[in-house]
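Peer 1: Contents of coords_12.tsv (TSV, C-alpha atoms) are below:
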chain	number	residue	atom	x	y	z
A	16	MET	CA	10.55	17.97	7.73
A	17	ALA	CA	12.48	18.92	10.83
A	18	PRO	CA	11.06	17.50	14.07
A	19	SER	CA	9.58	20.01	16.47
A	20	PRO	CA	11.51	20.50	19.73
A	21	ASP	CA	8.97	18.52	21.75
A	22	LYS	CA	9.06	15.49	19.46
A	23	GLN	CA	11.31	12.45	19.73
A	24	PRO	CA	13.40	11.19	16.80
A	25	ARG	CA	11.65	9.22	14.08
A	26	PRO	CA	10.51	5.82	15.42
A	27	LEU	CA	12.91	3.73	13.29
A	28	GLU	CA	15.85	6.12	13.38
A	29	GLY	CA	19.07	4.11	13.53
A	30	ILE	CA	17.61	1.14	11.60
A	31	THR	CA	19.22	0.41	8.23
A	32	VAL	CA	17.18	-1.45	5.61
A	33	LEU	CA	18.59	-2.97	2.42
A	34	ASP	CA	15.90	-2.74	-0.24
A	35	PHE	CA	16.27	-5.40	-2.96
A	36	THR	CA	12.73	-4.88	-4.26
A	37	THR	CA	11.11	-3.80	-7.51
A	38	ALA	CA	7.65	-2.94	-8.88
A	39	LEU	CA	5.06	-2.30	-6.13
A	40	ALA	CA	4.65	-4.82	-3.30
A	41	GLY	CA	8.26	-4.75	-2.06
A	42	PRO	CA	8.91	-1.04	-2.65
A	43	TYR	CA	5.70	-0.15	-0.80
A	44	ALA	CA	6.86	-2.09	2.26
A	45	THR	CA	10.23	-0.33	2.30
A	46	LEU	CA	8.51	3.01	1.65
A	47	LEU	CA	6.56	2.55	4.89
A	48	LEU	CA	9.77	1.72	6.77
A	49	ALA	CA	11.39	4.83	5.31
A	50	GLY	CA	8.41	6.94	6.33
A	51	LEU	CA	8.83	5.67	9.89
A	52	GLY	CA	12.44	6.84	9.91
A	53	ALA	CA	14.55	3.88	8.81
A	54	ARG	CA	17.48	4.48	6.47
A	55	VAL	CA	16.38	2.54	3.41
A	56	ILE	CA	19.07	1.81	0.83
A	57	LYS	CA	17.47	0.94	-2.50
A	58	VAL	CA	19.77	-1.45	-4.38
A	59	GLU	CA	19.30	-1.63	-8.16
A	60	ASN	CA	21.07	-3.33	-11.03
A	61	PRO	CA	22.58	-0.41	-13.00
A	62	ARG	CA	21.74	-2.13	-16.29
A	63	ALA	CA	18.28	-3.41	-15.28
A	64	PRO	CA	16.92	-1.09	-12.56
A	65	ASP	CA	13.54	-1.20	-10.89
A	66	THR	CA	10.94	-1.75	-13.63
A	67	ALA	CA	8.82	1.00	-12.04
A	68	ARG	CA	11.30	3.58	-13.39
A	69	ALA	CA	9.78	2.93	-16.82
A	70	ASN	CA	6.15	3.19	-15.71
A	71	ALA	CA	4.02	5.95	-17.24
A	72	PRO	CA	3.02	8.62	-16.40
A	73	TYR	CA	6.17	10.70	-15.90
A	74	LEU	CA	6.77	13.98	-14.12
A	75	GLY	CA	9.22	16.50	-15.54
A	76	ALA	CA	10.00	20.19	-15.80
A	77	ASP	CA	6.86	20.77	-17.86
A	78	GLY	CA	4.47	18.68	-15.77
A	79	VAL	CA	2.91	15.23	-16.15
A	80	LYS	CA	3.15	13.33	-19.43
A	81	LEU	CA	2.44	9.81	-20.68
A	82	VAL	CA	5.69	9.43	-22.65
A	83	LYS	CA	9.22	10.01	-21.36
A	84	GLU	CA	10.63	12.84	-23.48
A	85	ARG	CA	13.62	14.05	-21.47
A	86	GLU	CA	16.33	12.35	-19.44
A	87	ASP	CA	15.08	13.95	-16.22
A	88	ASP	CA	11.44	12.91	-16.70
A	89	VAL	CA	10.81	10.58	-13.75
A	90	SER	CA	8.08	7.97	-13.39
A	91	LEU	CA	5.42	8.96	-10.88
A	92	ALA	CA	5.62	5.38	-9.59
A	93	ILE	CA	9.23	5.92	-8.53
A	94	ILE	CA	8.50	9.43	-7.27
A	95	GLU	CA	5.93	7.90	-4.92
A	96	ARG	CA	7.62	4.62	-3.94
A	97	ALA	CA	11.24	5.74	-3.56
A	98	ARG	CA	10.78	8.78	-1.32
A	99	ASN	CA	13.14	9.06	1.65
A	100	LYS	CA	15.33	6.27	0.25
A	101	ASP	CA	19.00	6.24	-0.71
A	102	ALA	CA	19.68	4.74	-4.15
A	103	ILE	CA	22.76	2.69	-5.01
A	104	THR	CA	23.64	0.38	-7.87
A	105	LEU	CA	24.99	-3.18	-7.61
A	106	ASP	CA	24.98	-5.89	-10.27
A	107	LEU	CA	24.79	-9.12	-8.29
A	108	LYS	CA	25.75	-11.19	-11.35
A	109	VAL	CA	29.19	-9.59	-11.71
A	110	PRO	CA	32.24	-11.10	-9.96
A	111	GLY	CA	33.10	-8.96	-6.96
A	112	ALA	CA	29.48	-8.13	-6.14
A	113	ALA	CA	29.29	-10.84	-3.46
A	114	ALA	CA	31.89	-9.06	-1.33
A	115	VAL	CA	30.03	-5.76	-1.64
A	116	PHE	CA	26.75	-7.49	-0.74
A	117	ALA	CA	28.40	-8.97	2.36
A	118	ASP	CA	29.65	-5.55	3.45
A	119	LEU	CA	26.17	-4.09	3.03
A	120	VAL	CA	24.60	-6.90	5.07
A	121	ARG	CA	27.09	-6.38	7.90
A	122	HIS	CA	25.88	-2.79	8.23
A	123	ALA	CA	22.15	-3.58	8.00
A	124	ASN	CA	19.38	-4.47	10.43
A	125	VAL	CA	16.84	-5.52	7.78
A	126	LEU	CA	16.88	-6.83	4.21
A	127	VAL	CA	13.68	-6.83	2.15
A	128	GLU	CA	13.38	-8.66	-1.18
A	129	ASN	CA	10.51	-9.58	-3.47
A	130	PHE	CA	12.13	-11.92	-5.97
A	131	SER	CA	10.22	-14.95	-7.20
A	132	ALA	CA	10.61	-17.94	-4.89
A	133	GLY	CA	14.12	-19.39	-5.12
A	134	THR	CA	15.67	-16.48	-7.03
A	135	ALA	CA	17.40	-14.86	-4.05
A	136	ASP	CA	19.05	-18.15	-3.11
A	137	ARG	CA	20.10	-18.77	-6.69
A	138	ILE	CA	21.91	-15.43	-6.97
A	139	GLY	CA	23.55	-15.78	-3.58
A	140	ILE	CA	21.57	-13.31	-1.46
A	141	GLY	CA	19.01	-15.61	0.15
A	142	TYR	CA	18.25	-15.84	3.85
A	143	ALA	CA	20.83	-18.54	4.56
A	144	ALA	CA	23.65	-16.55	2.93
A	145	ALA	CA	22.64	-13.26	4.50
A	146	SER	CA	22.10	-14.61	8.03
A	147	ALA	CA	25.48	-16.37	7.91
A	148	ILE	CA	27.04	-12.93	7.39
A	149	ASN	CA	24.89	-11.14	9.98
A	150	PRO	CA	22.97	-13.41	12.39
A	151	ARG	CA	21.01	-10.42	13.78
A	152	LEU	CA	19.59	-9.58	10.35
A	153	VAL	CA	15.82	-9.57	9.87
A	154	TYR	CA	15.31	-10.90	6.35
A	155	THR	CA	11.87	-10.20	4.86
A	156	SER	CA	10.62	-11.91	1.71
A	157	ILE	CA	7.51	-10.81	-0.16
A	158	SER	CA	6.50	-13.22	-2.90
A	159	GLY	CA	3.43	-14.38	-4.76
A	160	PHE	CA	2.95	-17.74	-3.04
A	161	GLY	CA	5.62	-17.96	-0.34
A	162	ALA	CA	9.41	-17.92	-0.28
A	163	ASN	CA	9.59	-21.71	-0.61
A	164	ALA	CA	6.86	-22.08	-3.23
A	165	THR	CA	7.43	-24.76	-5.83
A	166	GLY	CA	5.78	-25.50	-9.14
A	167	THR	CA	5.84	-24.18	-12.66
A	168	GLN	CA	3.92	-21.02	-11.72
A	169	ASN	CA	5.54	-19.21	-8.80
A	170	LYS	CA	5.33	-15.70	-10.24
A	171	ALA	CA	2.37	-13.58	-9.31
A	172	MET	CA	1.00	-10.17	-10.15
A	173	ASP	CA	-1.87	-8.42	-8.47
A	174	THR	CA	-4.58	-9.49	-10.93
A	175	ILE	CA	-3.49	-13.14	-10.64
A	176	VAL	CA	-3.64	-12.93	-6.84
A	177	GLN	CA	-7.02	-11.19	-6.89
A	178	ALA	CA	-8.29	-14.02	-9.09
A	179	MET	CA	-6.87	-16.84	-6.96
A	180	SER	CA	-7.80	-15.30	-3.59
A	181	GLY	CA	-11.51	-15.29	-4.33
A	182	MET	CA	-11.67	-11.50	-4.16
A	183	MET	CA	-12.95	-11.16	-7.72
A	184	MET	CA	-16.01	-13.19	-6.77
A	185	THR	CA	-16.93	-11.05	-3.77
A	186	SER	CA	-17.85	-7.86	-5.64
A	187	GLY	CA	-20.34	-7.16	-8.39
A	188	GLU	CA	-23.83	-8.48	-8.98
A	189	ALA	CA	-24.86	-12.11	-8.62
A	190	GLY	CA	-24.17	-14.04	-11.82
A	191	ALA	CA	-21.95	-11.30	-13.26
A	192	PRO	CA	-18.41	-12.04	-14.53
A	193	PRO	CA	-15.52	-11.77	-12.03
A	194	MET	CA	-14.81	-8.20	-10.95
A	195	ARG	CA	-11.22	-6.97	-10.54
A	196	VAL	CA	-10.81	-4.40	-7.77
A	197	GLY	CA	-9.39	-1.21	-9.31
A	198	VAL	CA	-6.76	-0.66	-6.60
A	199	PRO	CA	-3.94	-3.30	-6.66
A	200	PHE	CA	-5.14	-4.70	-3.38
A	201	GLY	CA	-2.87	-7.76	-3.30
A	202	ASP	CA	0.22	-5.71	-4.01
A	203	LEU	CA	-0.72	-3.27	-1.25
A	204	SER	CA	-1.98	-5.63	1.47
A	205	ALA	CA	1.02	-7.99	1.54
A	206	PRO	CA	3.46	-5.11	2.32
A	207	LEU	CA	1.39	-4.16	5.36
A	208	PHE	CA	1.79	-7.65	6.79
A	209	ALA	CA	5.47	-7.64	5.80
A	210	VAL	CA	6.08	-4.43	7.74
A	211	ILE	CA	4.20	-5.78	10.78
A	212	GLY	CA	6.28	-8.96	10.67
A	213	THR	CA	9.51	-7.02	10.17
A	214	LEU	CA	8.88	-4.76	13.15
A	215	ALA	CA	7.98	-7.74	15.34
A	216	ALA	CA	11.14	-9.57	14.27
A	217	LEU	CA	13.24	-6.46	14.95
A	218	ARG	CA	11.83	-6.32	18.46
A	219	GLN	CA	12.73	-9.97	19.00
A	220	ALA	CA	16.21	-9.47	17.53
A	221	GLU	CA	16.80	-6.68	20.03
A	222	ALA	CA	15.85	-9.04	22.86
A	223	THR	CA	17.62	-12.20	21.66
A	224	GLY	CA	20.40	-11.05	19.34
A	225	ARG	CA	19.05	-13.30	16.59
A	226	GLY	CA	17.29	-12.27	13.41
A	227	GLN	CA	14.93	-14.44	11.41
A	228	HIS	CA	13.20	-14.94	8.08
A	229	VAL	CA	9.87	-13.09	7.70
A	230	ASP	CA	7.99	-14.74	4.83
A	231	VAL	CA	4.83	-13.06	3.45
A	232	SER	CA	2.92	-14.12	0.33
A	233	LEU	CA	0.55	-11.98	-1.70
A	234	LEU	CA	-1.90	-14.86	-2.03
A	235	GLY	CA	-1.86	-15.57	1.71
A	236	ALA	CA	-2.24	-11.93	2.67
A	237	LEU	CA	-5.16	-11.24	0.35
A	238	THR	CA	-6.95	-14.54	0.98
A	239	SER	CA	-6.72	-13.98	4.74
A	240	LEU	CA	-8.61	-10.71	4.22
A	241	VAL	CA	-11.23	-12.40	2.03
A	242	ALA	CA	-11.66	-15.00	4.80
A	243	CYS	CA	-12.63	-12.24	7.25
A	244	GLU	CA	-16.10	-12.35	5.70
A	245	PRO	CA	-18.04	-15.66	5.98
A	246	PHE	CA	-18.72	-16.00	2.27
A	247	GLU	CA	-18.67	-19.80	2.24
A	248	LEU	CA	-21.02	-20.09	5.23
A	249	LEU	CA	-23.42	-17.60	3.69
A	250	GLN	CA	-23.43	-19.55	0.45
A	251	ARG	CA	-24.12	-22.81	2.28
A	252	SER	CA	-27.07	-21.20	4.05
A	253	GLY	CA	-28.55	-20.16	0.72
A	254	GLN	CA	-27.64	-16.48	0.82
A	255	GLU	CA	-26.13	-14.73	-2.17
A	256	THR	CA	-22.52	-13.68	-1.58
A	257	ARG	CA	-22.37	-11.16	-4.43
A	258	THR	CA	-24.94	-8.47	-3.78
A	259	GLY	CA	-23.66	-5.51	-5.74
A	260	ASN	CA	-23.88	-2.16	-4.00
A	261	VAL	CA	-25.98	-3.28	-1.03
A	262	LEU	CA	-25.36	-5.69	1.82
A	263	PRO	CA	-28.71	-7.24	2.77
A	264	ARG	CA	-27.42	-9.02	5.88
A	265	LEU	CA	-26.50	-5.69	7.49
A	266	GLY	CA	-29.53	-3.69	6.33
A	267	ALA	CA	-29.50	-0.86	5.86
A	268	PHE	CA	-26.06	-0.84	4.26
A	269	GLY	CA	-25.10	0.14	0.73
A	270	VAL	CA	-24.56	2.68	-2.04
A	271	PHE	CA	-27.51	4.53	-3.56
A	272	ALA	CA	-27.96	6.83	-6.53
A	273	THR	CA	-28.92	10.44	-5.85
A	274	ALA	CA	-30.12	13.09	-8.29
A	275	ASP	CA	-26.52	14.11	-9.03
A	276	GLY	CA	-24.30	11.25	-7.87
A	277	HIS	CA	-24.16	8.47	-5.30
A	278	VAL	CA	-24.06	8.19	-1.54
A	279	ALA	CA	-22.97	5.43	0.84
A	280	ILE	CA	-25.34	4.87	3.76
A	281	CYS	CA	-24.37	2.56	6.62
A	282	ALA	CA	-27.15	2.10	9.18
A	283	PRO	CA	-26.73	-1.44	10.55
A	284	THR	CA	-28.34	-0.79	13.98
A	285	ASP	CA	-31.91	-0.18	15.04
A	286	ALA	CA	-31.00	3.32	16.23
A	287	PHE	CA	-29.33	4.26	12.95
A	288	VAL	CA	-32.24	2.91	10.91
A	289	GLY	CA	-34.67	4.92	13.05
A	290	GLY	CA	-32.62	8.05	12.40
A	291	MET	CA	-32.58	7.27	8.69
A	292	PHE	CA	-36.37	6.94	8.52
A	293	ARG	CA	-36.74	10.26	10.35
A	294	ALA	CA	-34.27	11.86	7.90
A	295	MET	CA	-36.42	10.48	5.07
A	296	GLY	CA	-39.55	12.01	6.61
A	297	ARG	CA	-40.99	8.50	6.98
A	298	THR	CA	-41.45	8.26	10.73
A	299	GLU	CA	-44.19	5.67	10.27
A	300	LEU	CA	-41.53	3.19	9.10
A	301	VAL	CA	-39.77	3.34	12.47
A	302	LYS	CA	-42.48	1.07	13.91
A	303	ASP	CA	-43.08	-0.95	10.75
A	304	PRO	CA	-42.57	-4.60	11.87
A	305	ARG	CA	-40.65	-5.29	8.64
A	306	PHE	CA	-37.90	-2.93	9.76
A	307	THR	CA	-37.82	-2.85	13.57
A	308	THR	CA	-35.06	-5.48	13.98
A	309	ARG	CA	-31.98	-6.51	12.01
A	310	ASP	CA	-33.44	-9.93	11.21
A	311	ALA	CA	-36.68	-8.37	10.00
A	312	ARG	CA	-34.79	-5.93	7.78
A	313	VAL	CA	-32.72	-8.77	6.31
A	314	ALA	CA	-35.91	-10.72	5.57
A	315	HIS	CA	-37.43	-7.65	3.90
A	316	SER	CA	-34.27	-6.13	2.43
A	317	GLY	CA	-35.85	-5.69	-0.99
A	318	ALA	CA	-38.62	-3.48	0.37
A	319	LEU	CA	-36.16	-1.58	2.60
A	320	TYR	CA	-33.81	-0.77	-0.25
A	321	ASP	CA	-36.66	0.20	-2.55
A	322	GLN	CA	-37.69	2.84	0.00
A	323	MET	CA	-34.12	4.12	0.28
A	324	ARG	CA	-33.58	4.25	-3.50
A	325	ALA	CA	-36.78	6.18	-4.06
A	326	TRP	CA	-35.87	8.74	-1.38
A	327	ALA	CA	-32.22	9.26	-2.30
A	328	GLY	CA	-32.95	9.43	-6.01
A	329	GLY	CA	-35.09	12.53	-5.55
A	330	LEU	CA	-32.44	14.58	-3.74
A	331	THR	CA	-28.94	15.85	-4.41
A	332	THR	CA	-26.08	14.04	-2.73
A	333	GLN	CA	-25.47	16.97	-0.40
A	334	ALA	CA	-29.13	17.13	0.60
A	335	VAL	CA	-29.12	13.42	1.46
A	336	LEU	CA	-25.93	13.82	3.50
A	337	ASP	CA	-27.24	16.87	5.33
A	338	ARG	CA	-30.48	15.19	6.35
A	339	LEU	CA	-28.72	12.01	7.48
A	340	ALA	CA	-26.12	14.00	9.44
A	341	GLU	CA	-28.94	15.88	11.19
A	342	HIS	CA	-30.13	12.55	12.57
A	343	GLY	CA	-26.73	11.03	13.29
A	344	VAL	CA	-26.76	8.45	10.49
A	345	PRO	CA	-23.32	7.45	9.07
A	346	ALA	CA	-23.06	8.37	5.38
A	347	GLY	CA	-20.60	9.71	2.86
A	348	PRO	CA	-20.45	10.78	-0.78
A	349	VAL	CA	-19.04	8.50	-3.47
A	350	ARG	CA	-16.10	10.54	-4.73
A	351	THR	CA	-13.84	10.21	-7.75
A	352	PRO	CA	-10.19	9.43	-6.99
A	353	HIS	CA	-9.31	13.04	-7.82
A	354	GLU	CA	-11.93	14.40	-5.45
A	355	ALA	CA	-10.74	12.04	-2.74
A	356	VAL	CA	-7.03	12.87	-2.94
A	357	SER	CA	-7.82	16.59	-3.07
A	358	ASP	CA	-9.48	16.49	0.36
A	359	PRO	CA	-7.88	19.34	2.35
A	360	ARG	CA	-8.15	17.33	5.58
A	361	LEU	CA	-5.97	14.57	4.14
A	362	LEU	CA	-3.47	17.07	2.76
A	363	ALA	CA	-3.24	18.84	6.11
A	364	ARG	CA	-2.57	15.55	7.92
A	365	GLY	CA	0.07	14.45	5.42
A	366	GLU	CA	-1.98	11.43	4.35
A	367	ILE	CA	-1.92	12.85	0.81
A	368	GLN	CA	0.86	15.10	-0.46
A	369	ALA	CA	2.08	16.79	-3.60
A	370	ALA	CA	4.60	14.88	-5.68
A	371	GLN	CA	8.19	16.09	-5.43
A	372	HIS	CA	10.45	15.75	-8.45
A	373	PRO	CA	14.10	15.10	-7.48
A	374	ILE	CA	15.28	18.01	-9.65
A	375	HIS	CA	12.33	20.26	-10.41
A	376	GLY	CA	10.69	20.30	-6.98
A	377	THR	CA	7.07	20.06	-5.88
A	378	ASN	CA	4.21	19.77	-8.36
A	379	ASP	CA	0.91	20.61	-6.67
A	380	GLU	CA	-1.12	19.08	-9.51
A	381	ALA	CA	0.32	15.60	-8.98
A	382	LEU	CA	-1.01	14.28	-5.67
A	383	ILE	CA	0.28	11.02	-4.21
A	384	GLY	CA	-0.15	9.03	-1.01
A	385	GLY	CA	1.54	10.18	2.17
A	386	LEU	CA	2.06	8.15	5.33
A	387	PRO	CA	-1.41	7.68	6.88
A	388	ILE	CA	-0.03	7.54	10.42
A	389	VAL	CA	0.00	10.52	12.78
A	390	MET	CA	2.09	10.16	15.95
A	391	SER	CA	2.15	12.51	18.93
A	392	GLY	CA	5.69	11.78	20.07
A	393	SER	CA	7.71	11.56	16.89
A	394	THR	CA	7.99	12.82	13.33
A	395	VAL	CA	6.93	10.50	10.52
A	396	GLY	CA	6.33	10.91	6.80
A	397	PHE	CA	8.27	11.78	3.68
A	398	ASP	CA	10.46	14.85	3.30
A	399	ARG	CA	13.02	13.74	0.68
A	400	PRO	CA	12.26	13.19	-3.01
A	401	ALA	CA	12.89	9.91	-4.78
A	402	PRO	CA	16.55	9.55	-5.79
A	403	MET	CA	17.87	9.15	-9.29
A	404	LEU	CA	19.44	5.79	-10.17
A	405	GLY	CA	22.64	5.32	-8.16
A	406	GLU	CA	22.44	8.80	-6.68
A	407	HIS	CA	23.83	7.74	-3.30
A	408	ASN	CA	26.63	5.42	-4.42
A	409	HIS	CA	29.33	7.55	-2.83
A	410	ALA	CA	27.33	8.28	0.33
A	411	VAL	CA	26.77	4.57	0.96
A	412	TYR	CA	29.91	2.92	-0.39
A	413	ARG	CA	32.31	5.56	0.88
A	414	ASP	CA	30.66	6.92	4.01
A	415	LEU	CA	28.81	3.84	5.29
A	416	LEU	CA	31.06	0.99	4.14
A	417	GLY	CA	34.32	2.94	4.31
A	418	TYR	CA	35.39	2.35	0.72
A	419	SER	CA	37.91	4.79	-0.70
A	420	ASP	CA	37.23	6.89	-3.78
A	421	ALA	CA	39.61	4.59	-5.63
A	422	ASP	CA	37.57	1.56	-4.49
A	423	VAL	CA	34.36	3.11	-5.77
A	424	GLU	CA	35.95	3.98	-9.12
A	425	ARG	CA	37.30	0.44	-9.43
A	426	LEU	CA	33.85	-1.02	-8.78
A	427	LYS	CA	32.49	1.22	-11.53
A	428	ARG	CA	35.18	0.11	-13.98
A	429	GLU	CA	34.49	-3.53	-13.18
A	430	ARG	CA	30.76	-2.90	-13.72
A	431	VAL	CA	29.95	-4.12	-10.20
A	432	ILE	CA	28.08	-0.86	-9.49
Translate the structure of the given file into C-alpha cells.
Peer 2:
Amino acid sequence: MAPSPDKQPRPLEGITVLDFTTALAGPYATLLLAGLGARVIKVENPRAPDTARANAPYLGADGVKLVKEREDDVSLAIIERARNKDAITLDLKVPGAAAVFADLVRHANVLVENFSAGTADRIGIGYAAASAINPRLVYTSISGFGANATGTQNKAMDTIVQAMSGMMMTSGEAGAPPMRVGVPFGDLSAPLFAVIGTLAALRQAEATGRGQHVDVSLLGALTSLVACEPFELLQRSGQETRTGNVLPRLGAFGVFATADGHVAICAPTDAFVGGMFRAMGRTELVKDPRFTTRDARVAHSGALYDQMRAWAGGLTTQAVLDRLAEHGVPAGPVRTPHEAVSDPRLLARGEIQAAQHPIHGTNDEALIGGLPIVMSGSTVGFDRPAPMLGEHNHAVYRDLLGYSDADVERLKRERVI
C-alpha cells in the first residue's frame, strides 16, 4: 500500500530486524514490527524451516485445503505470520554460517529469537555473541519461562502456559474441570510485551548508543494478565472466582441466552442498570432496593440475573440489542469467529484482511488478522504476501551484505544457505 502524499513514512522505516523465530509467539512479534514498517528478515534453516510451514490448512490455486497436495500450497499460518517479511536461509550448524551470521548482525538494529532457554547461546547466536559483534543491537528473546530458565522442563507451548498461569481456572463454572481458552492467549500476549520492550530498547539505543537484552517469557506475560484480576483476594473473602458467563461482583455483567442466540450485556453502573430495566419494560425495578446500588446488586445477583435471563430468553438477539441501545446500555451479540472476521468495519479499517497467496494472489474467502492499529500520520499494515522459503537470499546476501553472485553460489554449494 503506497502512502498517501500527506502521510509520513512507516514508523519503523529504516529499522532492520533479524527474525530467528518459529511457530507463533516469535513470528507474531516480528509480524507486528513488519506491519509498523521495519525490514524483517526471516532466517530459516533450509533443511528444517519454520514448523508453521507444515501447519494445515493450506491455501493454493484451488482454495483452502487440509492436506498439502501441490508444491505451491502454502500454510495459512505462514501466509498470516510472514507477511511483509524477507525470507532467507541459513543453517547455523554448518561451518561458515558464523561469519554470515556476524555480517547479518552488523547490518541489523534488532534480533528476535524464540529458542528454548540456552539454545541460542549453544549454537553461537546468543545475546553475548551478538552484542559483541554489534553493541547497538537490541536482542529480544521470547521463551516459555525466561531466557535464563533452568530445569528439566524449559520448553513451553500455549496450553502448558495457560495451565501454569492459572488462566484455565478463571473461566468456566465453579467446580468444573479446567477450561482452555480457545485462542492461544499465551502465544499471543507475550509477543505484545516483546514488541513494547523492543521499541523501548530501540529508543534507548538511539539515545545511548548501546543495545540490550529484552527478555520476555510466555508464563510471565500471561500470569501478569491473570494477576490483573484479584482472584486470590476474592477467594479469601469467600467469593467464587469461577462464575461462568456472569460476573456477580460487577452486576449486571454477563452473557445471556436469547431466543436465537446469545448477547453480552455490561451494565456495571447504576445509570446503566436503570437503562436496562427501562429497556426490559420493568421500570419498577429501578427503585427496587435490591438493585439500586452495586453492593445491593452483588448481594442479590441471583435474583438480578434471573430477571435478565427471563427477559432476554423471550426475544431475538437483535430485539434485545435494539432495546438496550435505545436506552444507552452497552451490549453486543455473541458472534461466531466467521461472523466476527467478516465484519465490514474491521475489513475497512484493515484490522481484518483477505489472505494473499505469494503466487496466486488474494483469496477473499480466507480472512486473516490485519494490524489493529490506525495512525493518522503514517502508513501501517501489510501489503506484501508471505515469501517462499529462501525467496530473498539474493536480495539480502547480495544487496544488503554485499556478497557477490559467486559468494552466494559458494554458500549454496557448502550448504550454508
Peer 1: Residues proximal to (17.2, 7.5, -8.2) were defined as those with any atom within 10 Å of that point in the file's coordinates, counting all atoms listed in the file. Which are they, as an mmCIF file with C-alpha atoms, in the coordinates of the input?
Peer 2:
data_model
loop_
_atom_site.group_PDB
_atom_site.id
_atom_site.type_symbol
_atom_site.label_atom_id
_atom_site.label_comp_id
_atom_site.auth_asym_id
_atom_site.auth_seq_id
_atom_site.Cartn_x
_atom_site.Cartn_y
_atom_site.Cartn_z
ATOM 1 C CA LYS A 57 17.470 0.940 -2.500
ATOM 2 C CA GLU A 59 19.300 -1.630 -8.160
ATOM 3 C CA PRO A 64 16.920 -1.090 -12.560
ATOM 4 C CA ASP A 65 13.540 -1.200 -10.890
ATOM 5 C CA ARG A 68 11.300 3.580 -13.390
ATOM 6 C CA VAL A 89 10.810 10.580 -13.750
ATOM 7 C CA ILE A 93 9.230 5.920 -8.530
ATOM 8 C CA ILE A 94 8.500 9.430 -7.270
ATOM 9 C CA ALA A 97 11.240 5.740 -3.560
ATOM 10 C CA ARG A 98 10.780 8.780 -1.320
ATOM 11 C CA LYS A 100 15.330 6.270 0.250
ATOM 12 C CA ASP A 101 19.000 6.240 -0.710
ATOM 13 C CA ALA A 102 19.680 4.740 -4.150
ATOM 14 C CA ILE A 103 22.760 2.690 -5.010
ATOM 15 C CA THR A 104 23.640 0.380 -7.870
ATOM 16 C CA PRO A 373 14.100 15.100 -7.480
ATOM 17 C CA PRO A 400 12.260 13.190 -3.010
ATOM 18 C CA ALA A 401 12.890 9.910 -4.780
ATOM 19 C CA PRO A 402 16.550 9.550 -5.790
ATOM 20 C CA MET A 403 17.870 9.150 -9.290
ATOM 21 C CA LEU A 404 19.440 5.790 -10.170
ATOM 22 C CA GLY A 405 22.640 5.320 -8.160
ATOM 23 C CA GLU A 406 22.440 8.800 -6.680
ATOM 24 C CA HIS A 407 23.830 7.740 -3.300
#
Peer 1: For Ser391 of chain A, which of A:Pro26, A:Leu426, A:Ala311, A:Gly328 is the closest residue, counting all atoms listed in the file?
Peer 2: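 Answer, going by the shortest atom-to-atom distance: A:Pro26.
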Peer 1: Once you count all atoms listed in the file, what closest atom pair and distance in Å to one decimal does each residue of segment 280-379 of chain A within 9 Å of segment 247-268 of chain A have, with rows by chain and rising residue number, as CSV?
Peer 2:
residue,atom,partner,partner_atom,distance
A:Ile280,CA,A:Phe268,CA,5.8
A:Cys281,CA,A:Phe268,CA,4.5
A:Ala282,CA,A:Ala267,CA,5.0
A:Pro283,CA,A:Leu265,CA,5.2
A:Thr284,CA,A:Ala267,CA,8.2
A:Phe287,CA,A:Ala267,CA,8.7
A:Val288,CA,A:Ala267,CA,6.9
A:Arg309,CA,A:Gly266,CA,6.8
A:Asp310,CA,A:Arg264,CA,8.1
A:Arg312,CA,A:Gly266,CA,5.9
A:Val313,CA,A:Arg264,CA,5.3
A:Ala314,CA,A:Pro263,CA,8.5
A:His315,CA,A:Pro263,CA,8.8
A:Ser316,CA,A:Pro263,CA,5.7
A:Gly317,CA,A:Pro263,CA,8.2
A:Leu319,CA,A:Ala267,CA,7.4
A:Tyr320,CA,A:Ala267,CA,7.5
A:Met323,CA,A:Ala267,CA,8.8
Peer 1: Kindly give the distance, in Å, that separates atom CA of Ala123 of chain A and atom CA of Thr31 of chain A, rounded to a single decimal.
Peer 2: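 Straight-line distance from atom CA of Ala123 of chain A to atom CA of Thr31 of chain A works out to 5.0 Å.
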Peer 1: Could you check how far atom CA of Arg350 of chain A sits from atom CA of His277 of chain A, in Å to one decimal?
Peer 2: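 Separation of atom CA of Arg350 of chain A and atom CA of His277 of chain A: 8.3 Å.
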Peer 1: Mind checking which residues fall within 9 Å of Val115 of chain A, counting all atoms listed in the file, ignoring those fewer than 6 positions away in the same chain, and posting them as a PyMOL selection string?
Peer 2: chain A and resi 105+412+416+431
Peer 1: Quick one: distance from atom CA of Phe130 of chain A to atom CA of Leu51 of chain A in Å, one decimal?
Peer 2: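 A separation of 23.9 Å between them.
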Peer 1: Which residues are near segment 219-230 of chain A? Cut-off 12 Å, all atoms listed in the file, ignore same chain within fewer than 3 positions. Put them as a PyMOL selection string.
Peer 2: chain A and resi 30+123-130+132+141-164+205-206+208-216+233+235-236
Peer 1: Using all atoms listed in the file for the distances, tell me which of A:Val241, A:Gly276, A:Asn169, A:Asp337 is nearest to Met183 of chain A.
Peer 2: A:Val241
Peer 1: Counting all atoms listed in the file, which residues come within 6 Å of (26.4, -4.6, -10.0), with the point read in the file's coordinates, and could you list them as an mmCIF file with C-alpha atoms, in the coordinates of the input?
Peer 2:
data_model
loop_
_atom_site.group_PDB
_atom_site.id
_atom_site.type_symbol
_atom_site.label_atom_id
_atom_site.label_comp_id
_atom_site.auth_asym_id
_atom_site.auth_seq_id
_atom_site.Cartn_x
_atom_site.Cartn_y
_atom_site.Cartn_z
ATOM 1 C CA ASN A 60 21.070 -3.330 -11.030
ATOM 2 C CA LEU A 105 24.990 -3.180 -7.610
ATOM 3 C CA ASP A 106 24.980 -5.890 -10.270
ATOM 4 C CA LEU A 107 24.790 -9.120 -8.290
ATOM 5 C CA VAL A 109 29.190 -9.590 -11.710
ATOM 6 C CA ARG A 430 30.760 -2.900 -13.720
ATOM 7 C CA VAL A 431 29.950 -4.120 -10.200
ATOM 8 C CA ILE A 432 28.080 -0.860 -9.490
#
Peer 1: For Leu119 of chain A, which residue among A:Asp321, A:Asp173, A:Asp34, A:Asp136 is the nearest when counting all atoms listed in the file?
Peer 2: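 When distances to Leu119 of chain A are compared using all atoms listed in the file, the smallest one comes from A:Asp34.
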